[in-house]
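Structure record follows, encoded as structure tokens.
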Amino acid sequence: MRGTRQAEALGQVLADLPGFRSAQDIHAELRNRGERIGLTTVYRQLQVLSADGAVDTLRDESGETLYRRCETSAHHHHVTCRSCGRSVEVEGRAIERWAARVAAEAGFTDVDHTVEIFGRCPDCAAEDG
């Protein structure tokens with residue numbers, strides 16, 4: 001799908017949608033914009049973009065994979081609000097050191113990892129008073 005009109009439309013939707021969204025949400029937005037694209041194609045392209053580092057992914061608390069356009073090409077993590085879904089990219093040197101140490105202790109090399117941190121953003125926490 002790379003270089004196609006559908007790929008361009010998917011890229012535009014990812015640029016326009018705020019925060020992390022499910023593949024179903026992204027597919028619905030594409031359809032709302034008049035794109036004729038199947039959900040399977042959206043999933044497949046999102047997986048390619050994720051593998052290429054062009055989109056960030058995370059699993060929400062229910063286990064669903066969510067996607068958003070990546071704001072940086074450097075390895076990073078996210079802190080995501082459980083209430084509103086707002087997500088902030090964070091650099092995690094301590095996480096990197098911990099992951100490397102745990103892997104080394106288990107005898108693993110060429111390690112990759114995903115860390116997802118959930119909490120409440122300042123705005124949602126302030127609403128609780």
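Chain labels run A, B, ... following the order of the structure tokens; each chain numbers its residues from 1, and ligands are numbered from 1 in the order shown.
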Contacts of region 85-91 of chain A within 8 Å, only C-alpha atoms, excl. fewer than 5 positions in-chain, as a tab-separated table (two decimals) with N, CA, C and O atoms, in the first residue's frame:
```tsv
chain	number	residue	atom	x	y	z
A	19	GLY	N	-4.00	11.88	19.58
A	19	GLY	CA	-3.84	10.76	20.50
A	19	GLY	C	-3.82	9.41	19.81
A	19	GLY	O	-3.76	9.30	18.59
A	20	PHE	N	-3.84	8.39	20.63
A	20	PHE	CA	-3.83	7.01	20.14
A	20	PHE	C	-5.25	6.60	19.77
A	20	PHE	O	-6.20	6.93	20.48
A	75	HIS	N	13.93	5.92	19.99
A	75	HIS	CA	13.20	5.00	20.86
A	75	HIS	C	12.67	5.78	22.06
A	75	HIS	O	13.38	6.58	22.65
A	76	HIS	N	11.42	5.54	22.40
A	76	HIS	CA	10.80	6.28	23.49
A	76	HIS	C	9.65	5.48	24.06
A	76	HIS	O	9.28	4.43	23.55
A	77	HIS	N	9.10	6.00	25.14
A	77	HIS	CA	7.96	5.37	25.81
A	77	HIS	C	6.87	6.41	25.97
A	77	HIS	O	7.06	7.57	25.63
A	78	HIS	N	5.73	5.98	26.50
A	78	HIS	CA	4.60	6.88	26.66
A	78	HIS	C	4.02	6.77	28.05
A	78	HIS	O	4.01	5.70	28.65
A	79	VAL	N	3.54	7.88	28.55
A	79	VAL	CA	2.71	7.92	29.74
A	79	VAL	C	1.34	8.33	29.23
A	79	VAL	O	1.19	9.38	28.60
A	80	THR	N	0.33	7.49	29.46
A	80	THR	CA	-0.99	7.69	28.88
A	80	THR	C	-2.03	7.83	29.99
A	80	THR	O	-2.04	7.05	30.94
A	121	CYS	N	-3.63	12.23	33.81
A	121	CYS	CA	-2.95	13.47	33.44
A	121	CYS	C	-3.33	14.59	34.42
A	121	CYS	O	-4.31	14.45	35.17
```
*asked:* According to DSSP computed on the backbone, where in chain A is there alpha helix (DSSP H)? Give the residues as a ChimeraX atom specification.
replied: /A:5-16,23-32,39-51,93-105,122-127
*Within 12 Å of Ala51 (chain A), counting only C-alpha atoms, which residues show up once you throw out same-chain ones fewer than 6 positions away? Write them as a PyMOL selection string, please.*
chain A and resi 44-45+57+70+73
*Exercise: Asp56 (chain A) partners within 8 Å, only C-alpha atoms, chain neighbours under 5 positions left out, as a list in words*: Ser50, Tyr67, Arg68, Arg69 and Cys70 of chain A
